[in-house]
Each structure stands twice: as C-alpha cells, then as structure tokens.
file coords_8.txt (compact mmCIF, C-alpha atoms)
# COMPACT_ATOMS: atom_id res chain seq x y z
CA MET O 1033 21.92 129.95 112.46
CA ALA O 1034 18.34 130.28 111.23
CA GLY O 1035 19.00 133.85 110.16
CA THR O 1036 22.14 132.79 108.34
CA MET O 1037 20.34 130.05 106.43
CA ALA O 1038 17.53 132.45 105.57
CA GLY O 1039 20.04 134.91 104.19
CA ARG O 1040 21.68 132.25 102.06
CA SER O 1041 18.35 130.96 100.74
CA LEU O 1042 17.46 134.45 99.60
CA LEU O 1043 20.65 134.53 97.56
CA LYS O 1044 20.48 131.03 96.16
CA ASN O 1045 19.58 132.28 92.68
CA LEU O 1046 22.34 134.89 92.62
CA ARG O 1047 25.34 133.65 90.66
CA PRO O 1048 28.18 135.41 88.86
CA ILE O 1049 26.90 137.03 85.71
CA CYS O 1050 29.14 137.97 82.81
CA THR O 1051 27.68 140.61 80.52
CA CYS O 1052 29.63 139.14 77.60
CA GLN O 1053 27.61 136.06 76.71
CA ARG O 1054 30.34 134.56 74.52
CA LEU O 1055 32.75 134.63 77.44
CA GLN O 1056 30.45 132.29 79.36
CA GLN O 1057 30.87 129.72 76.59
CA LEU O 1058 34.64 129.46 77.01
CA PRO O 1059 35.93 126.25 78.65
CA SER O 1060 37.60 128.30 81.37
CA TRP O 1061 34.30 129.86 82.35
CA ARG O 1062 32.62 126.51 82.98
CA HIS O 1063 35.18 125.77 85.70
CA CYS O 1064 35.09 129.26 87.19
CA ARG O 1065 34.11 129.30 90.85
CA THR O 1066 34.34 133.11 90.99
CA ALA O 1067 37.58 133.15 92.97
CA GLY O 1068 39.93 135.89 91.92
CA ALA O 1069 42.39 133.62 90.19
CA ARG O 1070 39.63 131.91 88.19
CA ARG O 1071 38.15 135.23 87.15
CA ALA O 1072 41.57 136.31 85.96
CA GLN O 1073 41.90 133.10 83.93
CA CYS O 1074 38.51 133.71 82.33
CA THR O 1075 39.43 137.27 81.45
CA GLN O 1076 42.75 136.14 80.01
CA ALA O 1077 41.04 133.41 78.02
CA ALA O 1078 38.79 136.01 76.47
CA ALA O 1079 41.75 138.20 75.61
CA ASP O 1080 43.63 135.27 74.13
CA GLN O 1081 40.73 134.48 71.81
CA GLU O 1082 40.40 138.16 70.86
CA MET O 1083 36.89 138.51 72.18
CA PRO O 1084 35.19 141.75 71.16
CA SER O 1085 34.77 144.41 73.83
CA VAL O 1086 31.36 145.08 75.34
CA SER O 1087 29.47 147.71 73.38
CA PRO O 1088 28.89 151.20 74.85
CA ALA O 1089 25.15 150.53 74.78
CA GLU O 1090 25.60 147.38 76.89
CA LEU O 1091 27.86 149.20 79.34
CA GLU O 1092 25.22 151.90 79.70
CA ARG O 1093 22.51 149.29 80.28
CA VAL O 1094 24.56 147.57 82.97
CA SER O 1095 25.28 150.90 84.65
CA GLN O 1096 21.60 151.85 84.69
CA VAL O 1097 20.51 148.48 86.07
CA ARG O 1098 23.04 148.81 88.90
CA ILE O 1099 22.03 152.38 89.70
CA GLU O 1100 18.32 151.58 89.75
CA THR O 1101 18.81 148.39 91.76
CA THR O 1102 20.94 150.18 94.34
CA ARG O 1103 18.29 152.89 94.67
CA ARG O 1104 15.58 150.27 95.27
CA ILE O 1105 17.75 148.44 97.80
CA ARG O 1106 18.36 151.61 99.78
CA ASP O 1107 14.69 152.54 99.68
CA LEU O 1108 13.61 149.10 100.90
CA GLY O 1109 16.23 149.24 103.64
CA ARG O 1110 14.87 152.58 104.86
CA LYS O 1111 11.37 151.06 104.87
CA GLY O 1112 12.50 148.15 107.03
CA ARG O 1113 12.15 145.51 104.31
CA PRO O 1114 15.60 143.89 104.05
CA LYS O 1115 14.34 140.57 102.66
CA GLU O 1116 12.76 142.36 99.72
CA ALA O 1117 15.97 144.34 99.31
CA THR O 1118 17.91 141.09 99.06
CA LEU O 1119 15.67 139.87 96.27
CA GLN O 1120 16.64 142.88 94.17
CA LEU O 1121 20.04 141.35 93.43
CA ALA O 1122 18.39 138.17 92.23
CA GLU O 1123 16.39 140.33 89.84
CA MET O 1124 19.64 142.00 88.75
CA ALA O 1125 21.10 138.58 88.01
CA ARG O 1126 18.00 137.70 85.97
CA LEU O 1127 18.75 140.76 83.85
CA GLY O 1128 22.25 139.46 83.22
CA VAL O 1129 24.07 142.00 85.38
CA GLN O 1130 26.58 141.24 88.10
CA PRO O 1131 26.34 143.46 91.19
CA ASP O 1132 29.09 145.94 91.91
CA SER O 1133 30.53 146.89 95.28
CA ILE O 1134 28.12 149.81 95.66
CA SER O 1135 24.97 147.72 95.26
CA ALA O 1136 26.45 144.95 97.41
CA THR O 1137 27.35 147.37 100.21
CA ALA O 1138 23.88 148.93 99.98
CA LEU O 1139 22.34 145.49 100.52
CA VAL O 1140 24.56 144.73 103.50
CA HIS O 1141 23.54 148.09 104.95
CA ALA O 1142 19.83 147.39 104.34
CA CYS O 1143 20.17 144.24 106.46
CA ALA O 1144 22.45 145.70 109.14
CA SER O 1145 20.42 148.87 109.63
CA ASN O 1146 17.38 146.71 110.38
CA ASN O 1147 19.22 144.64 113.00
CA LYS O 1148 19.43 141.59 110.72
CA MET O 1149 23.12 140.93 111.31
CA ASP O 1150 22.96 137.21 110.47
CA MET O 1151 21.46 138.15 107.14
CA ALA O 1152 23.99 140.98 106.67
CA LEU O 1153 26.89 138.57 107.22
CA SER O 1154 25.39 136.01 104.84
CA VAL O 1155 24.97 138.65 102.14
CA PHE O 1156 28.49 139.93 102.76
CA ASP O 1157 30.02 136.45 102.50
CA GLU O 1158 27.98 135.53 99.43
CA LEU O 1159 28.84 138.66 97.49
CA PHE O 1160 32.23 139.75 98.72
CA GLY O 1161 33.50 136.27 99.42
CA GLU O 1162 32.90 135.20 95.81
CA LEU O 1163 32.02 138.02 93.48
CA LEU O 1164 33.64 141.21 94.72
CA GLN O 1165 36.51 142.63 96.75
CA PRO O 1166 35.23 144.47 99.83
CA ASP O 1167 36.58 147.85 100.87
CA ASP O 1168 36.76 149.96 104.00
CA VAL O 1169 33.20 151.21 103.54
CA ALA O 1170 31.75 147.71 103.28
CA PHE O 1171 33.41 146.69 106.54
CA SER O 1172 32.32 149.91 108.23
CA VAL O 1173 28.71 148.91 107.54
CA LEU O 1174 29.21 145.66 109.48
CA VAL O 1175 30.93 147.57 112.28
CA ARG O 1176 28.01 149.98 112.56
CA GLY O 1177 25.55 147.11 112.51
CA PHE O 1178 27.16 145.26 115.40
CA GLY O 1179 27.72 148.54 117.19
CA GLY O 1180 24.07 149.50 117.04
CA SER O 1181 22.96 146.95 119.62
CA GLU O 1182 22.74 147.57 123.35
CA PRO O 1183 25.41 147.05 124.47
CA PRO O 1184 27.56 147.11 121.33
CA GLN O 1185 28.83 143.69 120.23
CA TRP O 1186 32.53 144.47 120.53
CA ALA O 1187 33.55 140.82 120.25
CA ALA O 1188 31.74 140.54 116.92
CA ILE O 1189 33.32 143.81 115.77
CA SER O 1190 36.77 142.47 116.66
CA THR O 1191 36.05 139.36 114.61
CA VAL O 1192 35.00 141.48 111.62
CA LEU O 1193 38.20 143.54 111.82
CA ALA O 1194 40.33 140.42 112.17
CA ARG O 1195 38.72 138.96 109.03
CA MET O 1196 39.26 142.25 107.24
CA GLN O 1197 43.00 141.84 107.64
CA SER O 1198 43.50 138.08 107.60
CA GLN O 1199 41.04 137.11 104.86
CA TYR O 1200 41.11 140.18 102.63
CA GLY O 1201 44.47 141.76 103.41
CA LEU O 1202 42.89 145.12 104.26
CA LYS O 1203 43.63 147.49 107.11
CA PRO O 1204 40.92 149.61 108.73
CA GLY O 1205 40.63 153.02 107.12
CA SER O 1206 38.83 156.23 108.00
CA ALA O 1207 35.36 154.79 107.31
CA VAL O 1208 35.86 151.97 109.82
CA TYR O 1209 37.43 154.29 112.39
CA ALA O 1210 34.58 156.79 112.02
CA SER O 1211 32.10 153.98 112.68
CA LEU O 1212 34.04 152.81 115.74
CA LEU O 1213 34.16 156.33 117.13
CA ASN O 1214 30.46 156.87 116.50
CA ILE O 1215 29.74 153.82 118.62
CA CYS O 1216 31.98 155.09 121.41
CA VAL O 1217 30.39 158.53 121.37
CA ARG O 1218 26.88 157.08 121.46
CA THR O 1219 27.74 154.89 124.44
CA LYS O 1220 29.95 157.55 126.11
CA ASP O 1221 32.88 155.14 126.06
CA ASP O 1222 35.66 157.75 126.02
CA GLU O 1223 38.36 155.37 127.19
CA ARG O 1224 37.84 153.07 124.24
CA ALA O 1225 37.59 156.07 121.91
CA PHE O 1226 40.99 157.32 123.09
CA GLU O 1227 42.48 153.92 122.29
CA ILE O 1228 40.88 153.93 118.84
CA ILE O 1229 42.24 157.40 118.05
CA ASP O 1230 45.69 156.33 119.23
CA ARG O 1231 45.58 153.26 117.01
CA MET O 1232 44.39 155.30 114.07
CA ALA O 1233 47.29 157.75 114.46
CA ARG O 1234 49.78 154.95 115.03
CA THR O 1235 48.80 153.21 111.80
CA GLY O 1236 48.91 156.41 109.77
CA VAL O 1237 45.20 156.68 108.94
CA GLN O 1238 44.32 160.32 108.31
CA PRO O 1239 41.15 161.57 109.99
CA ASP O 1240 38.68 162.74 107.35
CA SER O 1241 35.53 164.81 107.78
CA PHE O 1242 33.54 161.74 108.91
CA VAL O 1243 36.01 161.01 111.70
CA GLN O 1244 35.90 164.63 112.82
CA GLU O 1245 32.11 164.62 112.69
CA ALA O 1246 32.03 161.46 114.82
CA VAL O 1247 33.83 163.16 117.73
CA LYS O 1248 32.33 166.61 117.21
CA SER O 1249 30.02 166.43 120.23
CA ARG O 1250 32.76 165.30 122.66
CA LYS O 1251 35.31 167.98 123.45
CA ALA O 1252 37.71 165.55 125.12
CA LEU O 1253 37.78 163.40 122.00
CA ARG O 1254 38.17 166.39 119.69
CA THR O 1255 41.13 167.55 121.74
CA HIS O 1256 42.70 164.10 121.80
CA LEU O 1257 42.27 163.73 118.04
CA ARG O 1258 43.86 167.12 117.39
CA ARG O 1259 46.81 166.45 119.69
CA SER O 1260 47.36 162.98 118.24
CA TYR O 1261 47.79 164.46 114.77
CA GLN O 1262 49.61 167.68 115.49
CA GLY O 1263 52.44 168.01 112.98
CA VAL O 1264 51.41 164.82 111.16
CA GLY O 1265 51.07 165.19 107.38
CA GLY O 1266 48.97 168.30 107.25
CA SER O 1267 46.36 167.09 109.74
CA ASP O 1268 46.63 170.09 112.07
CA ASP O 1269 43.46 171.75 110.79
CA PHE O 1270 40.65 170.44 112.96
CA ASP O 1271 37.32 172.08 113.53
CA GLU O 1272 36.70 173.26 117.03
call {"tool": "encode", "arguments": {"input": "coords_8.txt", "output": "structure tokens"}}
result
Amino acid sequence: MAGTMAGRSLLKNLRPICTCQRLQQLPSWRHCRTAGARRAQCTQAAADQEMPSVSPAELERVSQVRIETTRRIRDLGRKGRPKEATLQLAEMARLGVQPDSISATALVHACASNNKMDMALSVFDELFGELLQPDDVAFSVLVRGFGGSEPPQWAAISTVLARMQSQYGLKPGSAVYASLLNICVRTKDDERAFEIIDRMARTGVQPDSFVQEAVKSRKALRTHLRRSYQGVGGSDDFDE
C-alpha cells in the first residue's frame, strides 16, 4: 500500500493537458474527467464551435517534447531511478503536453524493471485508466514485471490479464504471449509454456519474431510451437 500511495503522490501534479488552450475554456472541458466519453464530448464541442486546428509548429513541439521525455524516462529506468523517471511526466504536463502511450509505457517499464511493481501499477492506472488506452505492449510490461520475481507472481499476472479483458476489452496479443513464454523459459516451466502456446494458437494469435525468440533456447517449445501452427495462416515458417 505504501508503494501505491508513493506512486500516486508522484503523479499528483499530472493532469490531462490539451495543447489547444481555447478548448480548455469550453464549458464541456470544465466537466471533463478524462473518461473516453467526456473526451469525445470535448472534441465534439470544439468541432461544433469550429475551433481552429493546432498549428504544424505546435504539433512538432508536442512531438519533440514527447520524444525527449520518453528518452529521459528510459535512461532513468536503466539507471535504476524510477522515481525520477516518474517526475518527467509532471514536467511534460508543465510544458502543456499530454503523454502518449509510448511515454506512458516507458514509465511503467522504468518502474517494473526496477522491481517497483506497486509504483508501476499506480502509474499504469493513473495514465491508462484516465488519459490513454493501453495496448498489448503496455500489458506485456506488467506481465514481465510480475514475472521477474522469484518465483514469478503468476496470481498477479492472472489478475493483470483478467483486467486486460474485463476492464479494457483487450485480448492478449503476441507481446503478452512472448512475455509469458520468456518467464516460462527462464524458470524452465515447460508444462506451463505448452499450455500458453496452446492457448495462443486456440485464440488465433500469430507468433511473431519475439515469440519465436522467446522459445529459441528450448527445443521442446520450438517444436510444440511449430506443430501448433502447422497449416495455420502462413505460420509454417519457423526458425530451427
């Protein structure tokens, strides 16, 4: 709980930022709680009042701020300084730029890769629960984080995957499956890996290069993956 509260306090100054200042002055914006429906209402209100589009120069500025912030977040994560990485988004907000999914995912990864899973979850909920729609890659970061402990926290991983589907309407894709298989390979849990490959094939998720790389060191898993996809949508070509 302490870690969760710490994560939230670090984000207390991060709020939705609209790069179009006039849009913030619309009545609809004042009642916006950043839920998807409210954001849509704000956007529609702007369109209804024929608001001018954001200038190319402003779009370029926003893009550069996001790129530079993401780079700093990743660098701080590699240096084992996730709290400082978290503060980078507050600085982005100060500059009037809302984070995108890439910078948000980078921040979750900076926390998770340093074994700060309470903080990673707080960041995830704060950003993706309000500002952004998560994707398969964002969830794979949480999976890897919980899977990096000894032993892996499979119950927590199951909870993450359940939320992925129930709360966000997403199904695990190749990024999540690659992360799951990496955990199994690291812990030599072939039985669980077989089940994961079976589930992946059953749900129609095509194994990409990351999935193949995950099982590369385990011949039994490579063979099972190949056999599971023989004759399925052009997935016969596996590296041996």
call {"tool": "atom_distance", "arguments": {"input": "coords_8.txt", "atom1": "CA of Leu1153 in chain O", "atom2": "CA of Val1243 in chain O"}}
result
24.6 Å
call {"tool": "atom_distance", "arguments": {"input": "coords_8.txt", "atom1": "CA of Asn1146 in chain O", "atom2": "CA of Gly1112 in chain O"}}
result
6.1 Å
call {"tool": "closest_residue", "arguments": {"input": "coords_8.txt", "among": "O:Thr1219, O:Gln1130, O:Thr1191, O:Ser1172", "to": "Pro1204 in chain O", "atoms": "only C-alpha atoms"}}
result
O:Ser1172
call {"tool": "residues_near_point", "arguments": {"input": "coords_8.txt", "point": "(28.2, 149.6, 100.0)", "cutoff": "12 Å", "atoms": "all atoms listed in the file", "output": "PyMOL selection string"}}
result
chain O and resi 1102-1103+1105-1106+1131-1144+1152+1155-1156+1159-1160+1164-1174+1207
call {"tool": "atom_distance", "arguments": {"input": "coords_8.txt", "atom1": "CA of Met1196 in chain O", "atom2": "CA of Ser1249 in chain O"}}
result
29.0 Å
call {"tool": "residues_around", "arguments": {"input": "coords_8.txt", "residues": "Asp1221 in chain O", "least_positions_apart": "3", "cutoff": "12 Å", "atoms": "only C-alpha atoms", "output": "PyMOL selection string"}}
result
chain O and resi 1183-1184+1212-1218+1224-1228+1247+1250+1252-1253
call {"tool": "write_last_selection", "arguments": {"input": "coords_8.txt", "atoms": "C-alpha atoms", "output": "PDB file, in the coordinates of the input"}}
result
ATOM      1  CA  PRO O1183      25.410 147.050 124.470  1.00  0.00           C
ATOM      2  CA  PRO O1184      27.560 147.110 121.330  1.00  0.00           C
ATOM      3  CA  LEU O1212      34.040 152.810 115.740  1.00  0.00           C
ATOM      4  CA  LEU O1213      34.160 156.330 117.130  1.00  0.00           C
ATOM      5  CA  ASN O1214      30.460 156.870 116.500  1.00  0.00           C
ATOM      6  CA  ILE O1215      29.740 153.820 118.620  1.00  0.00           C
ATOM      7  CA  CYS O1216      31.980 155.090 121.410  1.00  0.00           C
ATOM      8  CA  VAL O1217      30.390 158.530 121.370  1.00  0.00           C
ATOM      9  CA  ARG O1218      26.880 157.080 121.460  1.00  0.00           C
ATOM     10  CA  ARG O1224      37.840 153.070 124.240  1.00  0.00           C
ATOM     11  CA  ALA O1225      37.590 156.070 121.910  1.00  0.00           C
ATOM     12  CA  PHE O1226      40.990 157.320 123.090  1.00  0.00           C
ATOM     13  CA  GLU O1227      42.480 153.920 122.290  1.00  0.00           C
ATOM     14  CA  ILE O1228      40.880 153.930 118.840  1.00  0.00           C
ATOM     15  CA  VAL O1247      33.830 163.160 117.730  1.00  0.00           C
ATOM     16  CA  ARG O1250      32.760 165.300 122.660  1.00  0.00           C
ATOM     17  CA  ALA O1252      37.710 165.550 125.120  1.00  0.00           C
ATOM     18  CA  LEU O1253      37.780 163.400 122.000  1.00  0.00           C
TER      19      LEU O1253
END
call {"tool": "closest_residue", "arguments": {"input": "coords_8.txt", "among": "O:Glu1182, O:Gln1238, O:Thr1101, O:Leu1108", "to": "Ala1122 in chain O", "atoms": "all atoms listed in the file"}}
result
O:Thr1101
call {"tool": "residues_around", "arguments": {"input": "coords_8.txt", "residues": "Pro1239 in chain O", "least_positions_apart": "2", "cutoff": "9 Å", "atoms": "only C-alpha atoms", "output": "PyMOL selection string"}}
result
chain O and resi 1206+1209-1210+1232-1233+1237+1241-1244+1257+1261+1267
